[in-house]
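Enquirer: Here you go, model22.txt (compact mmCIF, C-alpha atoms and all ligand atoms):
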```txt
# COMPACT_ATOMS: atom_id res chain seq x y z
CA MET I 265 121.32 -19.21 138.56
CA ASN I 266 120.78 -21.20 141.72
CA VAL I 267 120.14 -24.90 141.01
CA LEU I 268 117.59 -26.36 143.41
CA GLU I 269 118.27 -29.74 145.02
CA PRO I 270 115.46 -32.24 144.41
CA CYS I 271 113.84 -33.97 147.39
CA ASP I 272 110.73 -36.11 147.86
CA LEU I 273 109.08 -34.24 150.68
CA LEU I 274 109.40 -30.96 152.53
CA ILE I 275 107.51 -30.72 155.83
CA GLU I 276 107.19 -27.17 157.16
CA ALA I 277 106.00 -26.57 160.71
CA GLY I 278 105.50 -23.70 163.14
CA HIS I 279 107.86 -25.58 165.44
CA VAL I 280 110.21 -28.48 164.75
CA VAL I 281 111.49 -30.56 167.68
CA PRO I 282 114.55 -32.49 166.43
CA VAL I 283 116.05 -35.64 167.99
CA VAL I 284 119.32 -33.74 168.48
CA PRO I 285 120.26 -31.39 170.02
CA LYS I 286 118.21 -32.56 173.00
CA GLY I 287 115.61 -30.07 174.22
CA ALA I 288 115.74 -27.81 171.14
CA VAL I 289 112.54 -26.32 169.68
CA LEU I 290 113.11 -24.68 166.30
CA ALA I 291 110.59 -22.01 165.23
CA ASP I 292 109.40 -21.86 161.62
CA HIS I 293 111.59 -24.71 160.38
CA ALA I 294 111.31 -27.43 157.76
CA VAL I 295 112.44 -31.03 157.32
CA ALA I 296 113.58 -32.17 153.86
CA VAL I 297 113.22 -35.90 153.09
CA LYS I 298 114.60 -38.03 150.26
CA ASP I 299 114.45 -41.83 149.82
CA GLY I 300 112.98 -42.18 153.30
CA ARG I 301 115.84 -40.28 154.96
CA ILE I 302 116.09 -36.78 156.42
CA LEU I 303 118.36 -34.62 154.24
CA ALA I 304 118.21 -31.46 156.35
CA VAL I 305 116.45 -29.67 159.19
CA LEU I 306 116.63 -25.94 158.46
CA PRO I 307 114.69 -22.64 158.57
CA ARG I 308 111.66 -22.67 156.27
CA ALA I 309 112.89 -19.81 154.04
CA GLU I 310 116.28 -21.51 153.54
CA ALA I 311 114.54 -24.78 152.73
CA ARG I 312 112.46 -23.13 149.99
CA ALA I 313 115.61 -21.54 148.53
CA ARG I 314 117.60 -24.81 148.56
CA PHE I 315 115.18 -27.67 147.74
CA LEU I 316 112.82 -28.55 144.93
CA PRO I 317 110.38 -30.88 146.70
CA ALA I 318 108.01 -33.26 144.92
CA GLU I 319 105.56 -32.63 147.77
CA ILE I 320 105.23 -29.91 150.39
CA VAL I 321 103.29 -30.41 153.64
CA SER I 322 102.82 -27.08 155.39
CA ARG I 323 101.61 -26.99 159.02
CA PRO I 324 102.32 -23.47 160.36
CA GLU I 325 100.09 -24.06 163.40
CA ALA I 326 101.66 -27.39 164.37
CA ALA I 327 104.75 -28.82 166.04
CA LEU I 328 106.61 -31.57 164.16
CA ILE I 329 108.18 -34.11 166.52
CA PRO I 330 110.16 -37.34 166.01
CA GLY I 331 108.13 -40.55 165.93
CA LEU I 332 107.46 -41.88 169.43
CA VAL I 333 108.96 -45.18 170.58
CA ASN I 334 106.74 -47.51 172.62
CA ILE I 335 109.29 -49.46 174.68
CA HIS I 336 106.99 -52.25 175.88
CA THR I 337 103.96 -53.70 174.18
CA HIS I 338 102.18 -56.93 173.28
CA ASN I 339 100.42 -55.68 170.16
CA PRO I 340 98.38 -58.76 169.19
CA MET I 341 96.57 -58.12 172.49
CA THR I 342 94.77 -55.12 170.92
CA LEU I 343 92.20 -57.85 170.14
CA LEU I 344 91.84 -58.45 173.91
CA ARG I 345 91.15 -54.80 174.72
CA GLY I 346 88.80 -54.52 177.71
CA VAL I 347 88.99 -58.22 178.65
CA ALA I 348 88.84 -58.76 182.44
CA ASP I 349 89.06 -55.17 183.66
CA ASP I 350 89.96 -54.29 187.25
CA LEU I 351 91.72 -57.43 188.45
CA PRO I 352 95.18 -57.91 189.99
CA LEU I 353 97.95 -59.34 187.78
CA MET I 354 97.86 -63.04 188.66
CA PRO I 355 94.05 -63.67 188.51
CA TRP I 356 93.98 -61.46 185.37
CA LEU I 357 96.67 -63.62 183.73
CA GLN I 358 95.78 -67.06 185.05
CA GLU I 359 91.96 -66.97 184.98
CA HIS I 360 91.37 -64.74 181.94
CA ILE I 361 94.25 -63.78 179.63
CA TRP I 362 96.11 -67.11 179.42
CA PRO I 363 92.95 -69.24 178.82
CA ILE I 364 91.71 -66.84 176.10
CA GLU I 365 95.14 -66.72 174.47
CA GLY I 366 95.20 -70.51 174.55
CA ALA I 367 91.96 -70.55 172.57
CA VAL I 368 92.73 -67.86 169.96
CA MET I 369 96.53 -67.96 169.59
CA GLY I 370 97.75 -68.48 166.03
CA PRO I 371 99.17 -66.66 163.01
CA ASP I 372 95.88 -64.92 162.06
CA TYR I 373 95.32 -63.58 165.56
CA ILE I 374 98.91 -62.25 165.68
CA ALA I 375 98.75 -60.58 162.23
CA ASP I 376 95.27 -59.06 162.74
CA GLY I 377 96.12 -57.75 166.20
CA ILE I 378 99.34 -56.14 165.01
CA GLU I 379 97.61 -54.57 162.01
CA LEU I 380 95.04 -52.93 164.29
CA ALA I 381 97.81 -51.87 166.69
CA VAL I 382 99.87 -50.27 163.91
CA ALA I 383 96.86 -48.19 162.80
CA GLU I 384 96.31 -47.07 166.40
CA MET I 385 100.01 -46.35 167.01
CA LEU I 386 100.40 -44.27 163.83
CA ARG I 387 97.33 -42.19 164.71
CA GLY I 388 98.98 -41.51 168.08
CA GLY I 389 102.40 -40.54 166.68
CA THR I 390 104.20 -43.81 167.48
CA THR I 391 106.49 -45.12 164.74
CA THR I 392 108.57 -47.75 166.59
CA CYS I 393 107.68 -50.42 169.12
CA ASN I 394 109.41 -53.02 171.26
CA GLU I 395 107.19 -56.07 170.84
CA ASN I 396 106.97 -59.03 173.23
CA TYR I 397 104.74 -61.89 172.12
CA PHE I 398 104.46 -65.32 170.50
CA PHE I 399 104.96 -66.13 166.78
CA PRO I 400 107.89 -63.75 166.15
CA ASP I 401 107.98 -64.93 162.52
CA VAL I 402 104.44 -63.63 161.94
CA GLN I 403 105.22 -60.46 163.90
CA ALA I 404 108.27 -59.73 161.72
CA GLN I 405 106.32 -60.40 158.50
CA THR I 406 103.43 -58.18 159.60
CA TYR I 407 105.54 -55.22 160.73
CA LYS I 408 107.59 -55.51 157.53
CA ARG I 409 104.47 -55.62 155.33
CA LEU I 410 103.14 -52.48 157.05
CA GLY I 411 106.50 -50.66 156.93
CA PHE I 412 106.52 -50.22 160.71
CA ARG I 413 109.79 -50.33 162.66
CA ALA I 414 109.81 -52.94 165.41
CA THR I 415 112.07 -54.84 167.74
CA VAL I 416 110.46 -58.26 167.75
CA GLY I 417 110.69 -60.33 170.92
CA LEU I 418 111.90 -63.94 170.71
CA PRO I 419 109.67 -65.49 173.38
CA VAL I 420 110.90 -67.91 176.05
CA ILE I 421 108.48 -69.24 178.66
CA GLU I 422 108.44 -72.64 180.40
CA PHE I 423 104.89 -73.42 179.23
CA PRO I 424 103.79 -75.06 176.00
CA SER I 425 101.98 -72.69 173.62
CA PRO I 426 100.77 -72.90 170.01
CA TRP I 427 104.18 -71.36 169.10
CA ALA I 428 106.40 -73.96 170.84
CA LYS I 429 105.88 -77.05 172.99
CA THR I 430 109.16 -77.33 174.88
CA THR I 431 111.92 -75.03 176.12
CA ALA I 432 114.26 -76.48 173.48
CA GLU I 433 111.72 -75.67 170.78
CA TYR I 434 111.37 -72.05 171.98
CA PHE I 435 115.15 -71.62 171.59
CA ASP I 436 115.40 -73.48 168.26
CA LYS I 437 112.58 -71.46 166.72
CA ALA I 438 113.91 -68.19 168.16
CA LEU I 439 117.27 -68.72 166.48
CA GLU I 440 115.63 -69.78 163.20
CA VAL I 441 113.56 -66.57 163.10
CA TYR I 442 116.58 -64.47 164.07
CA ASP I 443 118.68 -66.05 161.29
CA ALA I 444 115.99 -65.47 158.69
CA TRP I 445 115.64 -61.75 159.52
CA ARG I 446 118.96 -60.64 161.00
CA THR I 447 119.97 -58.40 158.07
CA ASP I 448 116.60 -56.66 157.68
CA PRO I 449 116.89 -52.85 158.05
CA LEU I 450 113.42 -52.38 159.60
CA ILE I 451 113.06 -55.36 161.94
CA ARG I 452 115.32 -56.05 164.92
CA PHE I 453 115.19 -58.65 167.65
CA ALA I 454 115.43 -59.06 171.41
CA PHE I 455 115.13 -62.14 173.57
CA ALA I 456 111.80 -61.94 175.39
CA PRO I 457 111.83 -64.24 178.44
CA HIS I 458 108.36 -63.61 179.90
CA ALA I 459 109.27 -63.04 183.57
CA PRO I 460 111.42 -64.43 186.39
CA TYR I 461 108.45 -66.50 187.65
CA THR I 462 107.87 -68.25 184.29
CA VAL I 463 111.47 -68.84 183.12
CA SER I 464 114.04 -71.24 184.64
CA ASP I 465 117.62 -70.54 185.73
CA ALA I 466 118.95 -72.65 182.85
CA SER I 467 116.93 -70.70 180.27
CA PHE I 468 118.04 -67.34 181.66
CA GLU I 469 121.69 -68.48 181.52
CA ARG I 470 121.27 -69.57 177.92
CA ILE I 471 119.54 -66.31 177.02
CA GLY I 472 122.39 -64.38 178.63
CA MET I 473 124.95 -66.28 176.57
CA LEU I 474 123.05 -65.96 173.29
CA SER I 475 122.18 -62.29 173.72
CA ALA I 476 125.88 -61.54 174.31
CA GLN I 477 126.89 -63.56 171.24
CA LEU I 478 124.28 -61.93 168.99
CA ASP I 479 124.49 -58.55 170.78
CA ILE I 480 120.72 -58.21 171.09
CA PRO I 481 118.71 -56.97 174.09
CA ILE I 482 116.80 -59.01 176.68
CA HIS I 483 113.25 -57.70 177.13
CA CYS I 484 111.71 -59.08 180.34
CA HIS I 485 109.00 -58.21 182.89
CA VAL I 486 110.87 -57.77 186.22
CA HIS I 487 109.59 -56.83 189.70
CA GLU I 488 106.08 -56.18 188.41
CA THR I 489 104.32 -56.88 191.73
CA ALA I 490 105.12 -57.34 195.42
CA GLN I 491 103.83 -60.93 195.13
CA GLU I 492 106.54 -61.69 192.55
CA ILE I 493 109.20 -60.69 195.09
CA THR I 494 107.66 -62.74 197.94
CA ASP I 495 107.26 -65.82 195.73
CA SER I 496 110.84 -65.56 194.44
CA GLN I 497 112.22 -65.29 197.96
CA ALA I 498 110.27 -68.42 198.94
CA GLN I 499 111.23 -70.39 195.81
CA HIS I 500 114.80 -69.21 195.09
CA GLY I 501 115.84 -67.50 198.34
CA GLN I 502 116.47 -64.31 196.38
CA ARG I 503 114.64 -61.30 194.99
CA PRO I 504 114.14 -61.66 191.21
CA LEU I 505 116.71 -58.98 190.25
CA ALA I 506 119.35 -60.62 192.48
CA ARG I 507 118.56 -63.98 190.88
CA LEU I 508 118.87 -62.49 187.37
CA ASP I 509 122.19 -60.97 188.44
CA ARG I 510 123.40 -64.38 189.64
CA LEU I 511 122.38 -65.76 186.23
CA GLY I 512 124.43 -63.09 184.45
CA ILE I 513 121.83 -60.95 182.66
CA VAL I 514 121.79 -57.71 184.67
CA ASP I 515 123.69 -55.45 182.27
CA SER I 516 123.15 -52.84 179.56
CA ARG I 517 121.40 -55.39 177.32
CA LEU I 518 118.56 -55.78 179.83
CA ILE I 519 115.29 -53.87 179.32
CA ALA I 520 113.51 -54.50 182.63
CA VAL I 521 109.78 -53.84 182.40
CA HIS I 522 107.67 -52.43 185.29
CA MET I 523 110.16 -52.48 188.21
CA THR I 524 107.57 -51.31 190.75
CA GLN I 525 109.42 -52.87 193.72
CA LEU I 526 112.96 -51.57 194.12
CA THR I 527 115.33 -51.09 197.03
CA GLU I 528 117.98 -48.34 197.05
CA GLY I 529 120.61 -51.02 196.41
CA GLU I 530 118.71 -52.30 193.36
CA ILE I 531 118.39 -48.79 191.93
CA LYS I 532 122.15 -48.36 192.38
CA LEU I 533 122.81 -51.72 190.71
CA CYS I 534 120.65 -50.75 187.69
CA ALA I 535 122.53 -47.44 187.37
CA GLU I 536 125.97 -49.12 187.61
CA ARG I 537 125.13 -51.81 185.06
CA GLY I 538 123.32 -49.55 182.59
CA VAL I 539 120.02 -51.48 182.83
CA HIS I 540 117.18 -49.81 180.87
CA ILE I 541 113.78 -49.59 182.51
CA ALA I 542 110.43 -49.69 180.70
CA HIS I 543 107.91 -47.73 182.75
CA CYS I 544 104.26 -48.64 182.04
CA PRO I 545 102.24 -46.46 184.45
CA GLN I 546 98.73 -47.22 183.17
CA SER I 547 99.29 -50.97 183.23
CA ASN I 548 100.69 -50.72 186.76
CA LEU I 549 97.60 -48.76 187.82
CA LYS I 550 95.08 -50.96 186.01
CA LEU I 551 96.48 -54.16 187.55
CA ALA I 552 97.21 -52.41 190.88
CA SER I 553 100.81 -53.60 190.57
CA GLY I 554 102.45 -50.63 192.29
CA PHE I 555 104.50 -47.56 191.38
CA CYS I 556 107.83 -47.49 189.58
CA PRO I 557 110.16 -45.05 191.45
CA VAL I 558 110.88 -43.07 188.30
CA GLU I 559 112.40 -39.99 189.93
CA ALA I 560 114.77 -42.02 192.11
CA LEU I 561 115.84 -44.02 189.03
CA ARG I 562 116.40 -40.91 186.92
CA THR I 563 118.30 -39.19 189.72
CA ALA I 564 120.55 -42.27 189.94
CA GLY I 565 121.19 -41.98 186.19
CA VAL I 566 119.06 -44.90 184.96
CA ASN I 567 117.56 -44.65 181.47
CA VAL I 568 113.76 -44.82 181.90
CA ALA I 569 111.56 -45.17 178.80
CA ILE I 570 107.77 -45.24 178.48
CA GLY I 571 105.66 -48.17 177.30
CA THR I 572 101.95 -48.85 177.14
CA ASP I 573 102.17 -52.60 177.84
CA GLY I 574 99.60 -54.68 175.94
CA CYS I 575 96.22 -53.18 175.16
CA ALA I 576 94.47 -55.58 177.53
CA SER I 577 96.22 -54.01 180.52
CA ASN I 578 95.84 -50.37 179.51
CA ASN I 579 93.36 -50.27 177.35
CA ASP I 580 95.01 -48.36 174.50
CA LEU I 581 98.39 -47.61 172.88
CA ASP I 582 98.39 -43.84 173.40
CA MET I 583 101.91 -42.67 174.29
CA PHE I 584 100.82 -39.08 175.07
CA GLU I 585 98.29 -40.36 177.59
CA GLU I 586 100.96 -42.69 179.04
CA THR I 587 103.41 -39.83 179.40
CA ARG I 588 100.78 -37.65 181.08
ZN ZN A 601 103.90 -56.60 179.49
```
Could you express the structure from this file as structure tokens?
Expert:
Amino acid sequence: MNVLEPCDLLIEAGHVVPVVPKGAVLADHAVAVKDGRILAVLPRAEARARFLPAEIVSRPEAALIPGLVNIHTHNPMTLLRGVADDLPLMPWLQEHIWPIEGAVMGPDYIADGIELAVAEMLRGGTTTCNENYFFPDVQAQTYKRLGFRATVGLPVIEFPSPWAKTTAEYFDKALEVYDAWRTDPLIRFAFAPHAPYTVSDASFERIGMLSAQLDIPIHCHVHETAQEITDSQAQHGQRPLARLDRLGIVDSRLIAVHMTQLTEGEIKLCAERGVHIAHCPQSNLKLASGFCPVEALRTAGVNVAIGTDGCASNNDLDMFEETR
């Protein structure tokens, strides 16, 4: 007699879209799960003959897809949804977002905002996010408590905030949080320098050195607006990407967010170095920042991923809407 293999969960669907092979759509398949891991992806009839599941979820009318990954978000900002609509980036940040954040920023705001964001992300099929905000210790605790996979950003910005008062304190606290969590299976880390216009040369050089030592990504807003380029040329005599290259961080560890202003040479540089680009179309439209040249980047071989940005510049965390 055939002995059935026990598993925790069998999900049957009219169509299963696996992670690999890329582009495959499997009709009338099932996914067997045990101890939080996928045991097998196989035809439904074979699954019933092989497994003894504790629970069966049957969705013959539905497609089962992998969890979506939101590559750029500031999830505590779900609490700032709808604040200061229809303004360009700098007045939006300087006159509205930064003053409000200054007033509400703290562990409760971070935890509550992430909890709301996780509920919204799960309802929209998102199971992993790349987070970029203050209080990475509270972020890590909150994502862990909710069982949600996240890459937590270690913030660096040359302004005092309720998280850190000086540049040295941003780095010290970043490394403390990293050390406390570095072996966790659910939570990972990236350095999160805010943007070229809020982070100094010395800080970028230190981030480059540390990210290489720890082998963690650098998650940074880059070339978000035309103004950013003009200001950088006036202040540093270089476009921001060229400056970051001079400081040694334009490589495959860099996740460059927005990138609405790119020359052909910059697209080529990103392709050669393996830079990853986070494309946030709704944020770029809401703040009238510009258009990321996605097709030119993809044609050049650059990895482009989709992000919602924070809720305040979107105003939701819906990855299907973002993709559309
Ligand atoms: Zn952002």
Enquirer: CA of Gly331 (chain I) to CA of Ala304 (chain I): how many Å, to one decimal?
Expert: 16.6 Å
Enquirer: When distances are computed from all atoms listed in the file, which of I:Val416, I:Leu508, I:Ala576, I:Leu561 shows the smallest separation from ligand ZN 601 (chain A)?
Expert: I:Ala576
Enquirer: Set the cut-off to 8 Å, count only C-alpha atoms and all ligand atoms, and list whatever residues fall near ligand ZN 601 (chain A) as a PDB file with C-alpha atoms, keeping the file's coordinate frame.
Expert:
```pdb
ATOM      1  CA  HIS I 336     106.990 -52.250 175.880  1.00  0.00           C
ATOM      2  CA  THR I 337     103.960 -53.700 174.180  1.00  0.00           C
ATOM      3  CA  HIS I 338     102.180 -56.930 173.280  1.00  0.00           C
ATOM      4  CA  ASN I 396     106.970 -59.030 173.230  1.00  0.00           C
ATOM      5  CA  HIS I 485     109.000 -58.210 182.890  1.00  0.00           C
ATOM      6  CA  VAL I 521     109.780 -53.840 182.400  1.00  0.00           C
ATOM      7  CA  ASP I 573     102.170 -52.600 177.840  1.00  0.00           C
ATOM      8  CA  GLY I 574      99.600 -54.680 175.940  1.00  0.00           C
TER       9      GLY I 574
END
```
Enquirer: What does the structure give for the distance between CA of Ile374 (chain I) and CA of Leu353 (chain I), in Å to one decimal?
Expert: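 Distance between the two atoms: 22.3 Å.
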Enquirer: Quick one: distance from CA of Asn334 (chain I) to CA of Leu386 (chain I) in Å, one decimal?
Expert: 11.3 Å
Enquirer: Here is a test: counting all atoms listed in the file, which residue of I:Thr415, I:Ser322, I:Thr430, I:Asn339 is nearest to Ala381 (chain I)?
Expert: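 Of the candidates, the smallest distance to Ala381 (chain I) is held by I:Asn339.
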Enquirer: Can you find the residues with an atom no farther than 10 Å from (110.4, -65.9, 163.0), counting all atoms listed in the file, and report them as a list in words?
Expert: Phe398, Phe399, Pro400, Asp401, Val402, Gln403, Ala404, Gln405, Val416, Gly417, Leu418, Lys437, Ala438, Leu439, Glu440, Val441, Tyr442, Asp443, Ala444, Trp445 and Phe453 of chain I
Enquirer: Out of I:Arg510, I:Arg387, I:Arg308, I:His500, which residue has the shortest atom-to-atom distance to Val321 (chain I) when counting only C-alpha atoms?
Expert: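 Checking each of I:Arg510, I:Arg387, I:Arg308, I:His500 against Val321 (chain I), counting only C-alpha atoms, the winner is I:Arg308.
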Enquirer: For Ile570 (chain I), which residue among I:Ser467, I:Asn266, I:Thr494, I:Thr587 is the nearest when counting all atoms listed in the file?
Expert: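 Answer, going by the shortest atom-to-atom distance: I:Thr587.
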Enquirer: Which residue out of I:Ile531, I:Ala466, I:Leu316, I:Leu328 has the minimum interatomic distance to Asp292 (chain I) when all atoms listed in the file are used?
Expert: I:Leu328
Enquirer: Using only C-alpha atoms, can you list as a PDB file with C-alpha atoms, in the frame of the given file the residues within 12 Å of (120.5, -51.7, 191.1)?
Expert:
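That gives us result25.pdb:
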```
ATOM      1  CA  ARG I 503     114.640 -61.300 194.990  1.00  0.00           C
ATOM      2  CA  PRO I 504     114.140 -61.660 191.210  1.00  0.00           C
ATOM      3  CA  LEU I 505     116.710 -58.980 190.250  1.00  0.00           C
ATOM      4  CA  ALA I 506     119.350 -60.620 192.480  1.00  0.00           C
ATOM      5  CA  LEU I 508     118.870 -62.490 187.370  1.00  0.00           C
ATOM      6  CA  ASP I 509     122.190 -60.970 188.440  1.00  0.00           C
ATOM      7  CA  VAL I 514     121.790 -57.710 184.670  1.00  0.00           C
ATOM      8  CA  ASP I 515     123.690 -55.450 182.270  1.00  0.00           C
ATOM      9  CA  SER I 516     123.150 -52.840 179.560  1.00  0.00           C
ATOM     10  CA  ALA I 520     113.510 -54.500 182.630  1.00  0.00           C
ATOM     11  CA  MET I 523     110.160 -52.480 188.210  1.00  0.00           C
ATOM     12  CA  GLN I 525     109.420 -52.870 193.720  1.00  0.00           C
ATOM     13  CA  LEU I 526     112.960 -51.570 194.120  1.00  0.00           C
ATOM     14  CA  THR I 527     115.330 -51.090 197.030  1.00  0.00           C
ATOM     15  CA  GLU I 528     117.980 -48.340 197.050  1.00  0.00           C
ATOM     16  CA  GLY I 529     120.610 -51.020 196.410  1.00  0.00           C
ATOM     17  CA  GLU I 530     118.710 -52.300 193.360  1.00  0.00           C
ATOM     18  CA  ILE I 531     118.390 -48.790 191.930  1.00  0.00           C
ATOM     19  CA  LYS I 532     122.150 -48.360 192.380  1.00  0.00           C
ATOM     20  CA  LEU I 533     122.810 -51.720 190.710  1.00  0.00           C
ATOM     21  CA  CYS I 534     120.650 -50.750 187.690  1.00  0.00           C
ATOM     22  CA  ALA I 535     122.530 -47.440 187.370  1.00  0.00           C
ATOM     23  CA  GLU I 536     125.970 -49.120 187.610  1.00  0.00           C
ATOM     24  CA  ARG I 537     125.130 -51.810 185.060  1.00  0.00           C
ATOM     25  CA  GLY I 538     123.320 -49.550 182.590  1.00  0.00           C
ATOM     26  CA  VAL I 539     120.020 -51.480 182.830  1.00  0.00           C
ATOM     27  CA  HIS I 540     117.180 -49.810 180.870  1.00  0.00           C
ATOM     28  CA  ILE I 541     113.780 -49.590 182.510  1.00  0.00           C
ATOM     29  CA  ALA I 560     114.770 -42.020 192.110  1.00  0.00           C
ATOM     30  CA  LEU I 561     115.840 -44.020 189.030  1.00  0.00           C
ATOM     31  CA  ALA I 564     120.550 -42.270 189.940  1.00  0.00           C
ATOM     32  CA  GLY I 565     121.190 -41.980 186.190  1.00  0.00           C
ATOM     33  CA  VAL I 566     119.060 -44.900 184.960  1.00  0.00           C
TER      34      VAL I 566
END
```
Enquirer: Set up a box along x, y and z of the file covering all listed atoms of region 456-472 of chain I, add 5 Å on every one of the six sides, and write the centre and edge lengths in Å to one decimal, as lines of an AutoDock Vina configuration file.
Expert:
```
center_x = 115.1
center_y = -67.3
center_z = 181.5
size_x = 24.5
size_y = 20.7
size_z = 22.3
```
Enquirer: Some atoms are absent from region 346-353 of chain I, so rebuild all heavy atoms and return them as an mmCIF file, in the coordinates of the input.
Expert:
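As written to disk, rebuild25.cif reads:
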```cif
data_model
loop_
_atom_site.group_PDB
_atom_site.id
_atom_site.type_symbol
_atom_site.label_atom_id
_atom_site.label_comp_id
_atom_site.auth_asym_id
_atom_site.auth_seq_id
_atom_site.Cartn_x
_atom_site.Cartn_y
_atom_site.Cartn_z
ATOM 1 N N GLY I 346 89.979 -54.528 176.853
ATOM 2 C CA GLY I 346 88.800 -54.520 177.710
ATOM 3 C C GLY I 346 88.439 -55.868 178.320
ATOM 4 O O GLY I 346 87.482 -55.978 179.073
ATOM 5 N N VAL I 347 89.247 -56.911 178.037
ATOM 6 C CA VAL I 347 88.990 -58.220 178.650
ATOM 7 C C VAL I 347 89.384 -58.159 180.130
ATOM 8 O O VAL I 347 90.464 -57.686 180.464
ATOM 9 C CB VAL I 347 89.806 -59.314 177.926
ATOM 10 C CG1 VAL I 347 89.911 -60.574 178.780
ATOM 11 C CG2 VAL I 347 89.187 -59.623 176.583
ATOM 12 N N ALA I 348 88.515 -58.601 181.006
ATOM 13 C CA ALA I 348 88.840 -58.760 182.440
ATOM 14 C C ALA I 348 89.404 -57.483 183.063
ATOM 15 O O ALA I 348 90.519 -57.464 183.565
ATOM 16 C CB ALA I 348 89.821 -59.920 182.627
ATOM 17 N N ASP I 349 88.625 -56.419 183.032
ATOM 18 C CA ASP I 349 89.060 -55.170 183.660
ATOM 19 C C ASP I 349 89.075 -55.291 185.181
ATOM 20 O O ASP I 349 88.318 -56.064 185.760
ATOM 21 C CB ASP I 349 88.094 -54.030 183.268
ATOM 22 C CG ASP I 349 88.412 -53.474 181.885
ATOM 23 O OD1 ASP I 349 89.564 -53.634 181.440
ATOM 24 O OD2 ASP I 349 87.509 -52.894 181.265
ATOM 25 N N ASP I 350 89.947 -54.491 185.798
ATOM 26 C CA ASP I 350 89.960 -54.290 187.250
ATOM 27 C C ASP I 350 90.229 -55.549 188.066
ATOM 28 O O ASP I 350 89.512 -55.874 189.004
ATOM 29 C CB ASP I 350 88.636 -53.631 187.707
ATOM 30 C CG ASP I 350 88.418 -52.311 186.992
ATOM 31 O OD1 ASP I 350 89.425 -51.598 186.773
ATOM 32 O OD2 ASP I 350 87.276 -52.001 186.631
ATOM 33 N N LEU I 351 91.267 -56.275 187.663
ATOM 34 C CA LEU I 351 91.720 -57.430 188.450
ATOM 35 C C LEU I 351 93.218 -57.292 188.692
ATOM 36 O O LEU I 351 93.921 -56.689 187.892
ATOM 37 C CB LEU I 351 91.468 -58.727 187.668
ATOM 38 C CG LEU I 351 90.014 -59.180 187.534
ATOM 39 C CD1 LEU I 351 89.924 -60.338 186.559
ATOM 40 C CD2 LEU I 351 89.455 -59.578 188.892
ATOM 41 N N PRO I 352 93.739 -57.890 189.785
ATOM 42 C CA PRO I 352 95.180 -57.910 189.990
ATOM 43 C C PRO I 352 95.873 -58.825 188.969
ATOM 44 O O PRO I 352 95.214 -59.671 188.344
ATOM 45 C CB PRO I 352 95.367 -58.448 191.401
ATOM 46 C CG PRO I 352 94.016 -58.625 191.975
ATOM 47 C CD PRO I 352 93.009 -58.542 190.875
ATOM 48 N N LEU I 353 97.198 -58.667 188.843
ATOM 49 C CA LEU I 353 97.950 -59.340 187.780
ATOM 50 C C LEU I 353 97.697 -60.845 187.695
ATOM 51 O O LEU I 353 97.357 -61.355 186.620
ATOM 52 C CB LEU I 353 99.455 -59.069 187.925
ATOM 53 C CG LEU I 353 100.349 -59.791 186.911
ATOM 54 C CD1 LEU I 353 100.157 -59.240 185.506
ATOM 55 C CD2 LEU I 353 101.825 -59.692 187.300
#
```
